[in-house]
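*Asks:* Please find target_32.cif (mmCIF, C-alpha atoms and all ligand atoms; chains and numbers go by the auth columns) on the next line:
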data_upload
loop_
_atom_site.group_PDB
_atom_site.id
_atom_site.type_symbol
_atom_site.label_atom_id
_atom_site.label_comp_id
_atom_site.label_asym_id
_atom_site.label_seq_id
_atom_site.Cartn_x
_atom_site.Cartn_y
_atom_site.Cartn_z
_atom_site.B_iso_or_equiv
_atom_site.auth_seq_id
_atom_site.auth_asym_id
ATOM 1 C CA MET A 1 33.888 -11.350 6.940 0.00 271 A
ATOM 2 C CA ASN A 2 33.073 -9.947 10.349 0.00 272 A
ATOM 3 C CA ARG A 3 34.249 -6.397 10.877 0.00 273 A
ATOM 4 C CA ILE A 4 35.901 -6.433 14.264 0.00 274 A
ATOM 5 C CA ALA A 5 37.531 -3.273 15.605 0.00 275 A
ATOM 6 C CA LEU A 6 39.772 -2.881 18.604 0.00 276 A
ATOM 7 C CA PHE A 7 39.404 0.444 20.432 0.00 277 A
ATOM 8 C CA PRO A 8 42.627 0.610 22.442 0.00 278 A
ATOM 9 C CA GLY A 9 43.338 3.056 25.240 0.00 279 A
ATOM 10 C CA SER A 10 44.176 3.462 28.859 0.00 280 A
ATOM 11 C CA PHE A 11 40.758 4.787 29.957 0.00 281 A
ATOM 12 C CA ASP A 12 42.330 6.210 33.111 0.00 282 A
ATOM 13 C CA PRO A 13 39.546 7.223 33.598 0.00 283 A
ATOM 14 C CA VAL A 14 37.008 6.551 30.842 0.00 284 A
ATOM 15 C CA THR A 15 35.432 9.803 29.617 0.00 285 A
ATOM 16 C CA ILE A 16 32.343 10.858 27.699 0.00 286 A
ATOM 17 C CA GLY A 17 34.729 11.388 24.752 0.00 287 A
ATOM 18 C CA HIS A 18 35.679 7.681 24.657 0.00 288 A
ATOM 19 C CA VAL A 19 32.056 6.546 24.923 0.00 289 A
ATOM 20 C CA ASP A 20 31.002 8.922 22.142 0.00 290 A
ATOM 21 C CA ILE A 21 33.603 7.424 19.781 0.00 291 A
ATOM 22 C CA VAL A 22 32.512 3.840 20.476 0.00 292 A
ATOM 23 C CA ASN A 23 28.803 4.633 20.128 0.00 293 A
ATOM 24 C CA ARG A 24 29.296 6.472 16.863 0.00 294 A
ATOM 25 C CA ALA A 25 31.462 3.693 15.448 0.00 295 A
ATOM 26 C CA LEU A 26 28.861 0.995 16.146 0.00 296 A
ATOM 27 C CA SER A 27 27.325 1.410 12.707 0.00 297 A
ATOM 28 C CA LEU A 28 30.725 0.849 11.067 0.00 298 A
ATOM 29 C CA PHE A 29 31.648 -2.463 12.710 0.00 299 A
ATOM 30 C CA ASP A 30 30.008 -5.760 13.655 0.00 300 A
ATOM 31 C CA ASN A 31 31.899 -5.845 16.934 0.00 301 A
ATOM 32 C CA ILE A 32 33.999 -3.383 18.884 0.00 302 A
ATOM 33 C CA VAL A 33 36.417 -4.652 21.499 0.00 303 A
ATOM 34 C CA VAL A 34 37.375 -1.952 23.973 0.00 304 A
ATOM 35 C CA GLY A 35 40.956 -2.899 24.843 0.00 305 A
ATOM 36 C CA ILE A 36 42.556 -1.632 28.015 0.00 306 A
ATOM 37 C CA GLY A 37 46.269 -1.540 27.294 0.00 307 A
ATOM 38 C CA VAL A 38 48.141 -2.623 30.387 0.00 308 A
ATOM 39 C CA ASN A 39 51.725 -1.489 30.695 0.00 309 A
ATOM 40 C CA SER A 40 53.154 -2.783 33.964 0.00 310 A
ATOM 41 C CA SER A 41 55.906 -0.153 34.020 0.00 311 A
ATOM 42 C CA LYS A 42 53.407 2.724 33.681 0.00 312 A
ATOM 43 C CA LYS A 43 51.645 3.942 36.790 0.00 313 A
ATOM 44 C CA THR A 44 47.930 4.630 36.394 0.00 314 A
ATOM 45 C CA LEU A 45 45.570 6.515 38.696 0.00 315 A
ATOM 46 C CA TYR A 46 42.986 3.707 38.687 0.00 316 A
ATOM 47 C CA PRO A 47 43.689 -0.047 38.745 0.00 317 A
ATOM 48 C CA THR A 48 42.958 -2.104 35.636 0.00 318 A
ATOM 49 C CA GLU A 49 40.117 -3.958 37.407 0.00 319 A
ATOM 50 C CA LYS A 50 38.296 -0.709 38.110 0.00 320 A
ATOM 51 C CA ARG A 51 38.702 0.555 34.549 0.00 321 A
ATOM 52 C CA LYS A 52 37.435 -2.783 33.232 0.00 322 A
ATOM 53 C CA GLU A 53 34.463 -2.718 35.579 0.00 323 A
ATOM 54 C CA TRP A 54 33.467 0.816 34.484 0.00 324 A
ATOM 55 C CA LEU A 55 33.668 -0.040 30.781 0.00 325 A
ATOM 56 C CA GLY A 56 31.744 -3.280 31.295 0.00 326 A
ATOM 57 C CA LYS A 57 28.979 -1.371 33.035 0.00 327 A
ATOM 58 C CA ILE A 58 28.832 1.404 30.414 0.00 328 A
ATOM 59 C CA PHE A 59 28.431 -1.050 27.526 0.00 329 A
ATOM 60 C CA GLU A 60 26.399 -3.658 29.447 0.00 330 A
ATOM 61 C CA GLY A 61 23.346 -3.538 27.170 0.00 331 A
ATOM 62 C CA LYS A 62 25.328 -3.465 23.925 0.00 332 A
ATOM 63 C CA ASP A 63 25.960 -6.947 22.549 0.00 333 A
ATOM 64 C CA GLN A 64 28.267 -5.538 19.870 0.00 334 A
ATOM 65 C CA VAL A 65 30.738 -4.251 22.474 0.00 335 A
ATOM 66 C CA SER A 66 33.046 -6.254 24.712 0.00 336 A
ATOM 67 C CA VAL A 67 35.835 -5.204 27.060 0.00 337 A
ATOM 68 C CA GLU A 68 39.250 -6.844 27.318 0.00 338 A
ATOM 69 C CA GLN A 69 42.633 -6.009 28.761 0.00 339 A
ATOM 70 C CA TYR A 70 45.898 -6.727 27.014 0.00 340 A
ATOM 71 C CA GLU A 71 49.635 -6.361 27.317 0.00 341 A
ATOM 72 C CA GLY A 72 52.110 -5.919 24.508 0.00 342 A
ATOM 73 C CA LEU A 73 51.673 -4.564 21.019 0.00 343 A
ATOM 74 C CA THR A 74 48.202 -3.470 19.958 0.00 344 A
ATOM 75 C CA VAL A 75 48.621 -5.119 16.548 0.00 345 A
ATOM 76 C CA ASP A 76 49.495 -8.436 18.207 0.00 346 A
ATOM 77 C CA PHE A 77 46.355 -8.245 20.313 0.00 347 A
ATOM 78 C CA CYS A 78 44.339 -7.483 17.163 0.00 348 A
ATOM 79 C CA ARG A 79 45.666 -10.717 15.656 0.00 349 A
ATOM 80 C CA GLU A 80 44.797 -12.627 18.807 0.00 350 A
ATOM 81 C CA ILE A 81 41.153 -11.507 18.786 0.00 351 A
ATOM 82 C CA GLY A 82 40.733 -11.471 15.000 0.00 352 A
ATOM 83 C CA ALA A 83 40.333 -7.688 14.761 0.00 353 A
ATOM 84 C CA ASN A 84 41.032 -6.256 11.324 0.00 354 A
ATOM 85 C CA PHE A 85 40.508 -2.636 12.365 0.00 355 A
ATOM 86 C CA ILE A 86 41.877 -0.328 15.043 0.00 356 A
ATOM 87 C CA LEU A 87 39.471 2.434 16.050 0.00 357 A
ATOM 88 C CA ARG A 88 40.901 5.721 17.299 0.00 358 A
ATOM 89 C CA GLY A 89 39.405 9.093 18.153 0.00 359 A
ATOM 90 C CA LEU A 90 40.788 12.385 16.886 0.00 360 A
ATOM 91 C CA ARG A 91 40.396 15.561 18.891 0.00 361 A
ATOM 92 C CA THR A 92 42.964 17.992 17.535 0.00 362 A
ATOM 93 C CA SER A 93 45.889 18.302 15.151 0.00 363 A
ATOM 94 C CA VAL A 94 48.126 17.214 18.038 0.00 364 A
ATOM 95 C CA ASP A 95 46.198 13.927 18.210 0.00 365 A
ATOM 96 C CA PHE A 96 46.464 13.671 14.450 0.00 366 A
ATOM 97 C CA GLU A 97 50.263 13.869 14.357 0.00 367 A
ATOM 98 C CA PHE A 98 50.630 11.371 17.189 0.00 368 A
ATOM 99 C CA GLU A 99 48.052 8.989 15.729 0.00 369 A
ATOM 100 C CA ARG A 100 49.427 9.246 12.216 0.00 370 A
ATOM 101 C CA ALA A 101 52.840 7.978 13.296 0.00 371 A
ATOM 102 C CA ILE A 102 51.397 5.059 15.266 0.00 372 A
ATOM 103 C CA ALA A 103 48.935 4.108 12.531 0.00 373 A
ATOM 104 C CA GLN A 104 51.584 4.199 9.821 0.00 374 A
ATOM 105 C CA MET A 105 54.020 2.133 11.876 0.00 375 A
ATOM 106 C CA ASN A 106 51.295 -0.367 12.732 0.00 376 A
ATOM 107 C CA ARG A 107 50.411 -0.574 9.059 0.00 377 A
ATOM 108 C CA THR A 108 54.037 -1.287 8.186 0.00 378 A
ATOM 109 C CA MET A 109 54.088 -4.122 10.718 0.00 379 A
ATOM 110 C CA HIS A 110 50.644 -5.552 9.839 0.00 380 A
ATOM 111 C CA GLU A 111 49.306 -4.540 6.432 0.00 381 A
ATOM 112 C CA ASP A 112 46.021 -6.330 7.005 0.00 382 A
ATOM 113 C CA ILE A 113 45.009 -4.135 9.947 0.00 383 A
ATOM 114 C CA GLU A 114 43.497 -0.766 9.052 0.00 384 A
ATOM 115 C CA THR A 115 43.243 2.136 11.509 0.00 385 A
ATOM 116 C CA VAL A 116 39.951 4.034 11.315 0.00 386 A
ATOM 117 C CA PHE A 117 39.631 7.510 12.846 0.00 387 A
ATOM 118 C CA VAL A 118 36.460 9.121 14.128 0.00 388 A
ATOM 119 C CA LEU A 119 36.507 12.853 14.858 0.00 389 A
ATOM 120 C CA SER A 120 35.348 13.884 18.284 0.00 390 A
ATOM 121 C CA SER A 121 31.863 15.361 18.462 0.00 391 A
ATOM 122 C CA PRO A 122 31.623 19.144 18.659 0.00 392 A
ATOM 123 C CA GLY A 123 32.022 20.064 22.311 0.00 393 A
ATOM 124 C CA LEU A 124 33.982 16.949 23.261 0.00 394 A
ATOM 125 C CA SER A 125 37.352 17.715 21.741 0.00 395 A
ATOM 126 C CA ALA A 126 38.610 19.249 24.999 0.00 396 A
ATOM 127 C CA VAL A 127 37.745 16.175 27.061 0.00 397 A
ATOM 128 C CA ASN A 128 40.981 14.468 27.891 0.00 398 A
ATOM 129 C CA SER A 129 41.805 11.766 30.482 0.00 399 A
ATOM 130 C CA THR A 130 45.055 13.499 31.433 0.00 400 A
ATOM 131 C CA ILE A 131 43.231 16.696 32.411 0.00 401 A
ATOM 132 C CA VAL A 132 40.442 14.718 34.121 0.00 402 A
ATOM 133 C CA ARG A 133 43.118 12.957 36.224 0.00 403 A
ATOM 134 C CA GLU A 134 44.595 16.309 37.246 0.00 404 A
ATOM 135 C CA ILE A 135 41.157 17.550 38.326 0.00 405 A
ATOM 136 C CA ILE A 136 40.609 14.410 40.411 0.00 406 A
ATOM 137 C CA LYS A 137 44.073 14.485 41.975 0.00 407 A
ATOM 138 C CA ASN A 138 43.455 18.066 43.023 0.00 408 A
ATOM 139 C CA GLY A 139 40.047 17.343 44.522 0.00 409 A
ATOM 140 C CA GLY A 140 38.002 18.991 41.747 0.00 410 A
ATOM 141 C CA GLU A 141 34.638 17.973 40.329 0.00 411 A
ATOM 142 C CA ALA A 142 35.164 15.746 37.273 0.00 412 A
ATOM 143 C CA SER A 143 31.795 14.017 36.997 0.00 413 A
ATOM 144 C CA LYS A 144 30.755 16.167 34.003 0.00 414 A
ATOM 145 C CA PHE A 145 33.505 14.575 31.930 0.00 415 A
ATOM 146 C CA VAL A 146 32.787 10.936 32.703 0.00 416 A
ATOM 147 C CA PRO A 147 29.712 8.807 31.952 0.00 417 A
ATOM 148 C CA ALA A 148 26.927 8.799 34.551 0.00 418 A
ATOM 149 C CA GLY A 149 27.293 6.236 37.324 0.00 419 A
ATOM 150 C CA ILE A 150 31.088 6.084 37.282 0.00 420 A
ATOM 151 C CA ASP A 151 32.525 6.126 40.793 0.00 421 A
ATOM 152 C CA LEU A 152 35.716 8.155 40.605 0.00 422 A
ATOM 153 C CA SER A 153 36.673 7.766 44.255 0.00 423 A
ATOM 154 C CA LEU A 154 40.302 6.809 44.748 0.00 424 A
ATOM 155 C CA GLY A 155 41.544 3.859 46.768 0.00 425 A
HETATM 156 P P1 LIG B . 43.400 9.965 26.492 0.00 501 B
HETATM 157 O O1 LIG B . 44.009 10.204 25.126 0.00 501 B
HETATM 158 O O2 LIG B . 42.229 10.843 26.794 0.00 501 B
HETATM 159 O O3 LIG B . 44.403 9.890 27.592 0.00 501 B
HETATM 160 P P2 LIG B . 43.224 7.162 25.873 0.00 501 B
HETATM 161 O O4 LIG B . 44.682 6.975 25.719 0.00 501 B
HETATM 162 O O5 LIG B . 42.519 6.182 26.747 0.00 501 B
HETATM 163 O O6 LIG B . 42.783 8.543 26.481 0.00 501 B
HETATM 164 O O7 LIG B . 42.552 7.268 24.450 0.00 501 B
HETATM 165 C C1 LIG B . 41.960 6.230 23.723 0.00 501 B
HETATM 166 C C2 LIG B . 41.405 6.771 22.423 0.00 501 B
HETATM 167 O O8 LIG B . 40.315 7.632 22.688 0.00 501 B
HETATM 168 C C3 LIG B . 42.387 7.597 21.597 0.00 501 B
HETATM 169 O O9 LIG B . 42.173 7.331 20.235 0.00 501 B
HETATM 170 C C4 LIG B . 41.977 9.017 21.895 0.00 501 B
HETATM 171 O O10 LIG B . 42.319 9.901 20.838 0.00 501 B
HETATM 172 C C5 LIG B . 40.482 8.844 21.993 0.00 501 B
HETATM 173 N N1 LIG B . 39.837 9.909 22.736 0.00 501 B
HETATM 174 C C6 LIG B . 40.001 10.239 24.024 0.00 501 B
HETATM 175 N N2 LIG B . 39.239 11.298 24.364 0.00 501 B
HETATM 176 C C7 LIG B . 38.555 11.651 23.238 0.00 501 B
HETATM 177 C C8 LIG B . 37.606 12.696 22.916 0.00 501 B
HETATM 178 N N3 LIG B . 37.227 13.586 23.815 0.00 501 B
HETATM 179 N N4 LIG B . 37.129 12.744 21.654 0.00 501 B
HETATM 180 C C9 LIG B . 37.549 11.838 20.739 0.00 501 B
HETATM 181 N N5 LIG B . 38.437 10.851 20.960 0.00 501 B
HETATM 182 C C10 LIG B . 38.936 10.748 22.200 0.00 501 B
#
Written as structure tokens, that's how I'd like the structure from this file.

*Replies:*
Amino acid sequence: MNRIALFPGSFDPVTIGHVDIVNRALSLFDNIVVGIGVNSSKKTLYPTEKRKEWLGKIFEGKDQVSVEQYEGLTVDFCREIGANFILRGLRTSVDFEFERAIAQMNRTMHEDIETVFVLSSPGLSAVNSTIVREIIKNGGEASKFVPAGIDLSLG
């Protein structure tokens, strides 16, 4: 059986924390699908197309990784693409409590899909898309928190 994991998120914007989780999980799975969750009622700083383009570029040379966008429940998208694992990153105990609830509810809905957590690397647990967005909105320098070559310009 192929081990396919979905790494769901908003990636608004993608950070070095996200990329670290995917790269470190490559040895655990045959394929990782980075899934951009699209929620039409939620306003994002960057359009879906841009987020997809960034992720595609970051993982260009990695055959194991693909990038998709999806709407609706994460577990339903897992079914659609044949993913039997959900990959999530854990930074802090706050992440843990939030992730625990989602993972346990997902497990109740779909017992065949297992959520796997990877702890953030030392030094990356403070990297957070929400804070990166605030820096950008206020004209600060955020390039240290995102992978090289990512154009963060707005509009
Ligand atoms: P964020 O939580 O930063 O707004 P996402 O919703 O796109 O970003 O998160 C997608 C996944 O990436 C989540 O599992 C989240 O915990 C994880 N993640 C984000 N930043 C980091 C980091 N610095 N270290 C480890 N995991 C991270």

*Asks:* Do you know which residues are within 8 Å of ligand LIG 501 (chain B) using all atoms listed in the file? Can you write them as a count of residues only?

*Replies:* 34

*Asks:* Tell me which protein, DNA and RNA residues are within 12 Å of Leu296 (chain A), counting only C-alpha atoms, leaving out same-chain ones fewer than 2 positions away, and put them as a ChimeraX atom specification.

*Replies:* /A:273-277,289-294,298-304,329,332-336,357,388

*Asks:* Select, from A:Arg403, A:Asn354, A:Thr362, A:Glu367, the residue with the minimum atom-to-atom distance to Glu381 (chain A), counting only C-alpha atoms.

*Replies:* A:Asn354

*Asks:* Any idea what the distance is between CA of Thr385 (chain A) and CA of Gly326 (chain A)?

*Replies:*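 Here the two named atoms are 23.5 Å from each other.
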
*Asks:* Please report the interatomic distance between CA of Lys322 (chain A) and CA of Leu422 (chain A) in Å with one decimal.

*Replies:* 13.3 Å

*Asks:* Take the point (48.3, -4.2, 30.1) as written in the file and pick out every residue within 6 Å of it, counting only C-alpha atoms; give the list as a VMD selection string.

*Replies:* chain A and resid 307 to 309 340 to 341

*Asks:* Could you save those same residues with C-alpha atoms as a PDB file, keeping the file's coordinate frame?

*Replies:*
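What landed in part36.pdb:
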ATOM      1  CA  GLY A 307      46.269  -1.540  27.294  1.00  0.00           C
ATOM      2  CA  VAL A 308      48.141  -2.623  30.387  1.00  0.00           C
ATOM      3  CA  ASN A 309      51.725  -1.489  30.695  1.00  0.00           C
ATOM      4  CA  TYR A 340      45.898  -6.727  27.014  1.00  0.00           C
ATOM      5  CA  GLU A 341      49.635  -6.361  27.317  1.00  0.00           C
TER       6      GLU A 341
END

*Asks:* Between A:Val402, A:Leu325, A:Val416, A:Val345, which one has atoms that come closest to Met379 (chain A), using only C-alpha atoms?

*Replies:*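 Smallest separation from Met379 (chain A) among the options: A:Val345.
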
*Asks:* Mind giving me the axis-aligned box for region 372-379 of chain A with 4 Å on every side, centre plus edges in Å to one decimal, as AutoDock Vina command-line options?

*Replies:*
--center_x 51.5 --center_y 0.5 --center_z 11.7 --size_x 13.2 --size_y 17.2 --size_z 15.1

*Asks:* Provide the CA of Ile401 (chain A) to CA of Ser310 (chain A) distance in Å, to one decimal place.

*Replies:* 21.9 Å

*Asks:* Which residue gives the smallest distance to Lys320 (chain A) among A:Ser297, A:Thr344, A:Gln339, A:Asn408, with only C-alpha atoms counted?

*Replies:*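 So, comparing all the options, the nearest one is A:Gln339.
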
*Asks:* Show which residues sit within 10 Å of Glu404 (chain A), as a VMD selection string. Count only C-alpha atoms, and ignore same-chain residues fewer than 6 positions away.

*Replies:* chain A and resid 315 410 412

*Asks:* Keeping only C-alpha atoms, write the selected residues as an mmCIF file, in the coordinates of the input.

*Replies:*
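To be explicit, this is the file written out as result_19.cif:
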data_model
loop_
_atom_site.group_PDB
_atom_site.id
_atom_site.type_symbol
_atom_site.label_atom_id
_atom_site.label_comp_id
_atom_site.auth_asym_id
_atom_site.auth_seq_id
_atom_site.Cartn_x
_atom_site.Cartn_y
_atom_site.Cartn_z
ATOM 1 C CA LEU A 315 45.570 6.515 38.696
ATOM 2 C CA GLY A 410 38.002 18.991 41.747
ATOM 3 C CA ALA A 412 35.164 15.746 37.273
#

*Asks:* Quick one: apply the PyMOL selection byres (((chain A and resi 383) around 10) and not hetatm) to the file and drop the selected residues here as a compact mmCIF listing (two decimals) with C-alpha atoms, in the coordinates of the input.

*Replies:*
# COMPACT_ATOMS: atom_id res chain seq x y z
CA ALA A 275 37.53 -3.27 15.60
CA VAL A 345 48.62 -5.12 16.55
CA CYS A 348 44.34 -7.48 17.16
CA ARG A 349 45.67 -10.72 15.66
CA GLY A 352 40.73 -11.47 15.00
CA ALA A 353 40.33 -7.69 14.76
CA ASN A 354 41.03 -6.26 11.32
CA PHE A 355 40.51 -2.64 12.36
CA ILE A 356 41.88 -0.33 15.04
CA ALA A 373 48.94 4.11 12.53
CA ASN A 376 51.30 -0.37 12.73
CA ARG A 377 50.41 -0.57 9.06
CA THR A 378 54.04 -1.29 8.19
CA MET A 379 54.09 -4.12 10.72
CA HIS A 380 50.64 -5.55 9.84
CA GLU A 381 49.31 -4.54 6.43
CA ASP A 382 46.02 -6.33 7.00
CA GLU A 384 43.50 -0.77 9.05
CA THR A 385 43.24 2.14 11.51
CA VAL A 386 39.95 4.03 11.32

*Asks:* Please determine the residues with any atom at most 9 Å from (28.3, 0.3, 36.2) (coordinates as given in the file, with all atoms listed in the file counting) and report them as a PyMOL selection string.

*Replies:* chain A and resi 323-330+418-421

*Asks:* Taking C-alpha atoms for each residue, export the selection above as a PDB file, keeping the file's coordinate frame.

*Replies:*
ATOM      1  CA  GLU A 323      34.463  -2.718  35.579  1.00  0.00           C
ATOM      2  CA  TRP A 324      33.467   0.816  34.484  1.00  0.00           C
ATOM      3  CA  LEU A 325      33.668  -0.040  30.781  1.00  0.00           C
ATOM      4  CA  GLY A 326      31.744  -3.280  31.295  1.00  0.00           C
ATOM      5  CA  LYS A 327      28.979  -1.371  33.035  1.00  0.00           C
ATOM      6  CA  ILE A 328      28.832   1.404  30.414  1.00  0.00           C
ATOM      7  CA  PHE A 329      28.431  -1.050  27.526  1.00  0.00           C
ATOM      8  CA  GLU A 330      26.399  -3.658  29.447  1.00  0.00           C
ATOM      9  CA  ALA A 418      26.927   8.799  34.551  1.00  0.00           C
ATOM     10  CA  GLY A 419      27.293   6.236  37.324  1.00  0.00           C
ATOM     11  CA  ILE A 420      31.088   6.084  37.282  1.00  0.00           C
ATOM     12  CA  ASP A 421      32.525   6.126  40.793  1.00  0.00           C
TER      13      ASP A 421
END
